[in-house]
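Asks: Handing you a structure now.
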Amino acid sequence: MAVIKHEGCIRLDLNNPVFQEQLLTLQKAECHAALDTLNKIRHLTWNQLYRDPGIKWEKITSIKPPAGIDAVYSLRVSSSRRATALREGEYMRLLTIASDHDATYGRK
């Protein structure tokens, strides 16, 4: 069996239990949209992600990141949901999927 190597592509870390709980309890349509977005992301390079107008990768400045983390970012995973994530090298480590847009930025 051949292993497919995506040179320079983003590697997704979906292992955060909070992220998993929130993803797996989304309504079917939103879950499918989020999975489609994650599939798209894993085929992008970081530079492509930064420029993608649909994903809208943004640094969250309204909340302080945990110790040892440079920044936490938000990204659009469906038309009504944003996720939070951080970058560690080639990995995007997904943290949460907010119930609404403002919650992503610590406003609720």
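By convention in this document, the chains of the structure tokens carry letters A, B, ... by their order, each chain's residues are numbered from 1, and ligands are numbered from 1 in the order they are shown.
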What's around Ile10 of chain A at 10 Å? Count only C-alpha atoms, leave out sequence neighbours fewer than 3 positions away in its own chain, and write the answer as a PyMOL selection string.

Replies: chain A and resi 6-7+13+40-49+87+89-92

Asks: When DSSP works through the backbone of this structure, what residues of chain A end up as helix (DSSP H, G or I), shown as an MDAnalysis selection string?

Replies: chainID A and resid 17:24 28:41 46:51 101:104

Asks: Those residues you just picked out, can you put them in a file as an mmCIF file, in the first residue's frame with N, CA and C atoms?

Replies:
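Dumped everything to part_34.cif:
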data_model
loop_
_atom_site.group_PDB
_atom_site.id
_atom_site.type_symbol
_atom_site.label_atom_id
_atom_site.label_comp_id
_atom_site.auth_asym_id
_atom_site.auth_seq_id
_atom_site.Cartn_x
_atom_site.Cartn_y
_atom_site.Cartn_z
ATOM 1 N N PRO A 17 -10.170 16.887 22.718
ATOM 2 C CA PRO A 17 -11.492 16.354 23.064
ATOM 3 C C PRO A 17 -12.617 17.391 22.997
ATOM 4 N N VAL A 18 -12.332 18.647 23.285
ATOM 5 C CA VAL A 18 -13.358 19.692 23.192
ATOM 6 C C VAL A 18 -13.760 19.867 21.729
ATOM 7 N N PHE A 19 -12.769 19.949 20.845
ATOM 8 C CA PHE A 19 -13.058 20.075 19.419
ATOM 9 C C PHE A 19 -13.861 18.875 18.925
ATOM 10 N N GLN A 20 -13.460 17.671 19.304
ATOM 11 C CA GLN A 20 -14.159 16.467 18.863
ATOM 12 C C GLN A 20 -15.617 16.474 19.310
ATOM 13 N N GLU A 21 -15.852 16.817 20.564
ATOM 14 C CA GLU A 21 -17.225 16.852 21.094
ATOM 15 C C GLU A 21 -18.076 17.854 20.317
ATOM 16 N N GLN A 22 -17.523 19.032 20.083
ATOM 17 C CA GLN A 22 -18.277 20.065 19.381
ATOM 18 C C GLN A 22 -18.506 19.702 17.914
ATOM 19 N N LEU A 23 -17.519 19.106 17.264
ATOM 20 C CA LEU A 23 -17.678 18.694 15.870
ATOM 21 C C LEU A 23 -18.727 17.592 15.741
ATOM 22 N N LEU A 24 -18.642 16.594 16.600
ATOM 23 C CA LEU A 24 -19.499 15.423 16.467
ATOM 24 C C LEU A 24 -20.929 15.656 16.933
ATOM 25 N N LYS A 28 -26.307 17.738 11.177
ATOM 26 C CA LYS A 28 -25.743 17.017 10.041
ATOM 27 C C LYS A 28 -25.183 17.948 8.958
ATOM 28 N N ALA A 29 -25.936 18.940 8.546
ATOM 29 C CA ALA A 29 -25.487 19.840 7.472
ATOM 30 C C ALA A 29 -24.240 20.620 7.890
ATOM 31 N N GLU A 30 -24.219 21.123 9.129
ATOM 32 C CA GLU A 30 -23.053 21.870 9.602
ATOM 33 C C GLU A 30 -21.842 20.965 9.763
ATOM 34 N N CYS A 31 -22.055 19.741 10.222
ATOM 35 C CA CYS A 31 -20.966 18.782 10.365
ATOM 36 C C CYS A 31 -20.352 18.484 9.003
ATOM 37 N N HIS A 32 -21.191 18.262 8.001
ATOM 38 C CA HIS A 32 -20.691 17.995 6.650
ATOM 39 C C HIS A 32 -19.919 19.198 6.113
ATOM 40 N N ALA A 33 -20.424 20.402 6.348
ATOM 41 C CA ALA A 33 -19.732 21.607 5.888
ATOM 42 C C ALA A 33 -18.368 21.732 6.572
ATOM 43 N N ALA A 34 -18.323 21.473 7.879
ATOM 44 C CA ALA A 34 -17.059 21.552 8.621
ATOM 45 C C ALA A 34 -16.069 20.511 8.105
ATOM 46 N N LEU A 35 -16.542 19.292 7.870
ATOM 47 C CA LEU A 35 -15.655 18.246 7.349
ATOM 48 C C LEU A 35 -15.158 18.587 5.949
ATOM 49 N N ASP A 36 -16.018 19.167 5.123
ATOM 50 C CA ASP A 36 -15.585 19.605 3.788
ATOM 51 C C ASP A 36 -14.483 20.659 3.897
ATOM 52 N N THR A 37 -14.646 21.602 4.826
ATOM 53 C CA THR A 37 -13.636 22.645 5.027
ATOM 54 C C THR A 37 -12.323 22.033 5.505
ATOM 55 N N LEU A 38 -12.386 21.112 6.457
ATOM 56 C CA LEU A 38 -11.171 20.473 6.959
ATOM 57 C C LEU A 38 -10.477 19.682 5.851
ATOM 58 N N ASN A 39 -11.246 19.031 5.011
ATOM 59 C CA ASN A 39 -10.665 18.301 3.886
ATOM 60 C C ASN A 39 -9.970 19.266 2.922
ATOM 61 N N LYS A 40 -10.585 20.410 2.672
ATOM 62 C CA LYS A 40 -9.979 21.426 1.820
ATOM 63 C C LYS A 40 -8.658 21.904 2.417
ATOM 64 N N ILE A 41 -8.664 22.183 3.724
ATOM 65 C CA ILE A 41 -7.483 22.716 4.399
ATOM 66 C C ILE A 41 -6.305 21.753 4.291
ATOM 67 N N TRP A 46 0.344 26.471 3.947
ATOM 68 C CA TRP A 46 0.025 27.557 4.875
ATOM 69 C C TRP A 46 -0.172 28.870 4.136
ATOM 70 N N ASN A 47 0.656 29.151 3.128
ATOM 71 C CA ASN A 47 0.495 30.399 2.372
ATOM 72 C C ASN A 47 -0.842 30.451 1.657
ATOM 73 N N GLN A 48 -1.291 29.334 1.115
ATOM 74 C CA GLN A 48 -2.604 29.298 0.470
ATOM 75 C C GLN A 48 -3.711 29.533 1.492
ATOM 76 N N LEU A 49 -3.583 28.951 2.674
ATOM 77 C CA LEU A 49 -4.584 29.141 3.722
ATOM 78 C C LEU A 49 -4.686 30.611 4.116
ATOM 79 N N TYR A 50 -3.552 31.259 4.299
ATOM 80 C CA TYR A 50 -3.552 32.668 4.709
ATOM 81 C C TYR A 50 -4.292 33.554 3.712
ATOM 82 N N ARG A 51 -4.261 33.199 2.439
ATOM 83 C CA ARG A 51 -4.883 34.011 1.398
ATOM 84 C C ARG A 51 -6.295 33.572 1.044
ATOM 85 N N HIS A 101 -20.511 33.188 16.202
ATOM 86 C CA HIS A 101 -19.348 33.938 15.764
ATOM 87 C C HIS A 101 -18.665 34.689 16.901
ATOM 88 N N ASP A 102 -19.413 35.401 17.732
ATOM 89 C CA ASP A 102 -18.823 36.209 18.800
ATOM 90 C C ASP A 102 -18.130 35.364 19.854
ATOM 91 N N ALA A 103 -18.620 34.163 20.112
ATOM 92 C CA ALA A 103 -18.010 33.295 21.121
ATOM 93 C C ALA A 103 -16.588 32.917 20.734
ATOM 94 N N THR A 104 -16.298 32.868 19.457
ATOM 95 C CA THR A 104 -14.951 32.540 18.990
ATOM 96 C C THR A 104 -13.937 33.561 19.505
#

Asks: Figure out the distance between atom CA of Glu88 of chain A and atom CA of Ile63 of chain A, please, to one decimal in Å.

Replies: 18.5 Å

Asks: Would you pick out the contacts of Leu14 of chain A at 7 Å or less, using only C-alpha atoms, so that residues sharing its chain but fewer than 2 positions from it are not included, and give the list as a CSV table (one decimal) with N, CA and C atoms, in the first residue's frame?

Replies:
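Now in out-v3.csv:
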chain,number,residue,atom,x,y,z
A,12,LEU,N,-3.5,18.3,9.8
A,12,LEU,CA,-4.5,18.6,10.8
A,12,LEU,C,-4.4,17.7,12.1
A,16,ASN,N,-8.1,17.2,19.9
A,16,ASN,CA,-8.5,17.9,21.1
A,16,ASN,C,-9.9,17.4,21.5
A,20,GLN,N,-13.5,17.7,19.3
A,20,GLN,CA,-14.2,16.5,18.9
A,20,GLN,C,-15.6,16.5,19.3
A,93,ARG,N,-3.6,22.7,14.9
A,93,ARG,CA,-4.2,22.0,16.1
A,93,ARG,C,-5.5,22.7,16.4
A,94,LEU,N,-6.6,22.0,16.1
A,94,LEU,CA,-7.9,22.5,16.2
A,94,LEU,C,-8.3,22.4,17.7

Asks: What's the separation between atom CA of Arg81 of chain A and atom CA of Gln27 of chain A, in Å to one decimal place?

Replies: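 Going from atom CA of Arg81 of chain A over to atom CA of Gln27 of chain A, I get 11.5 Å.
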
Asks: Could you jot down the atom CA of Val77 of chain A to atom CA of Asn15 of chain A separation for me, Å, one decimal place?

Replies: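 Calculated distance between atom CA of Val77 of chain A and atom CA of Asn15 of chain A is 16.7 Å.
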